[in-house]
Amino acid sequence: MHKILNMKKLGILILLAFISLFSIQAADKTKGKISFEQTTWDFGNIREDGGKVTHEFIFVNEGSEPLKITSAKAECGCTVPEFPKGEIAPGQKGVIKVTYNPLGRPGGFTKVVRVRATGNPGKINLKIRGTVLPK
């Protein structure tokens with residue numbers, strides 16, 4: 001009798017685990033889903049005295065709910081990200097603009113901008129790189 005009771009309990013626990021797993025997966029699909037066209041940009045050779053350079057990282061919300069970029073932070077002050085402050089509706093595109101100042105920084109560089117969003121994935125790294133040719 002105890003074996004039958006234990007088997008029933010085990011069966012119920014397994015069933016609850018599957019229900020929980022499927023409900024979590026279903027919840028993920030209803031979130032905003034951020035998808036970038038590219039996450040790395042190579043400026044190639046740029047002149048130190050040529051002024052700041054900028055690249056726009058384009059993304060789309062492929063989810064079924066709005067998403068919001070909550071932050072975009074660079075490693076240092078030579079790299080400045082700009083991001084949309086409002087919500088991005090499902091199917092809508094957005095842009096994170098990253099500007100790099102080569103003045104006083106000859107040589108190769110790789111900079112990372114850490115992006116946080118309310119959608120899936122919640123954290124994304126965008127990279128810029130290139131070589132600054134001295135004055």
# chains A, B, ... in the order shown; residues from 1 in each chain; ligands from 1

$ residues_around --residues "Pro66 in chain A" --least-positions-apart "4" --cutoff "8 Å" --atoms "only C-alpha atoms" --output "list in words"
Lys31, Gly32, Asn61, Glu87, Ile88, Ala89, Pro90 and Gly119 of chain A

$ residues_around --residues "range 72-76 of chain A" --least-positions-apart "4" --cutoff "6 Å" --atoms "only C-alpha atoms" --output "ChimeraX atom specification"
/A:113-115

$ write_last_selection --atoms "N, CA and C atoms" --output "compact mmCIF listing (two decimals), in the first residue's frame"
# COMPACT_ATOMS: atom_id res chain seq x y z
N VAL A 113 30.32 47.81 -24.73
CA VAL A 113 29.18 48.51 -24.13
C VAL A 113 28.25 47.44 -23.60
N ARG A 114 27.99 47.48 -22.29
CA ARG A 114 27.12 46.50 -21.66
C ARG A 114 25.69 47.04 -21.63
N VAL A 115 24.81 46.32 -22.31
CA VAL A 115 23.41 46.74 -22.46
C VAL A 115 22.54 45.84 -21.58

$ atom_distance --atom1 "CA of Glu37 in chain A" --atom2 "CA of Thr79 in chain A"
20.4 Å

$ atom_distance --atom1 "CA of Asn101 in chain A" --atom2 "CA of Lys85 in chain A"
23.4 Å

$ atom_distance --atom1 "CA of Leu103 in chain A" --atom2 "CA of Trp41 in chain A"
19.1 Å

$ residues_around --residues "Pro106 in chain A" --least-positions-apart "2" --cutoff "9 Å" --atoms "only C-alpha atoms" --output "MDAnalysis selection string"
chainID A and resid 47:48 102:104 108:109 131:135

$ write_last_selection --atoms "N, CA and C atoms" --output "tab-separated table (two decimals), in the first residue's frame"
chain	number	residue	atom	x	y	z
A	47	ARG	N	41.71	58.07	-38.10
A	47	ARG	CA	42.76	59.05	-37.74
A	47	ARG	C	42.50	59.60	-36.34
A	48	GLU	N	43.58	59.74	-35.59
A	48	GLU	CA	43.48	60.28	-34.24
A	48	GLU	C	42.89	61.69	-34.25
A	102	PRO	N	38.82	59.08	-30.62
A	102	PRO	CA	40.17	58.55	-30.78
A	102	PRO	C	41.27	59.50	-30.33
A	103	LEU	N	40.95	60.74	-30.01
A	103	LEU	CA	41.95	61.74	-29.68
A	103	LEU	C	42.78	61.30	-28.47
A	104	GLY	N	44.10	61.24	-28.67
A	104	GLY	CA	45.01	60.85	-27.59
A	104	GLY	C	45.07	59.36	-27.33
A	108	GLY	N	45.63	50.11	-31.48
A	108	GLY	CA	44.42	49.31	-31.57
A	108	GLY	C	43.53	49.49	-30.35
A	109	PHE	N	42.24	49.32	-30.56
A	109	PHE	CA	41.29	49.41	-29.44
A	109	PHE	C	40.15	48.42	-29.64
A	131	THR	N	41.67	50.62	-35.26
A	131	THR	CA	43.04	51.07	-35.03
A	131	THR	C	43.09	52.57	-35.25
A	132	VAL	N	43.62	53.28	-34.26
A	132	VAL	CA	43.76	54.74	-34.34
A	132	VAL	C	45.15	55.04	-34.89
A	133	LEU	N	45.17	55.72	-36.04
A	133	LEU	CA	46.44	56.14	-36.65
A	133	LEU	C	46.88	57.46	-36.01
A	134	PRO	N	48.13	57.52	-35.52
A	134	PRO	CA	48.59	58.74	-34.83
A	134	PRO	C	48.61	59.96	-35.75
A	135	LYS	N	48.54	61.14	-35.12
A	135	LYS	CA	48.55	62.42	-35.85
A	135	LYS	C	49.81	62.54	-36.68
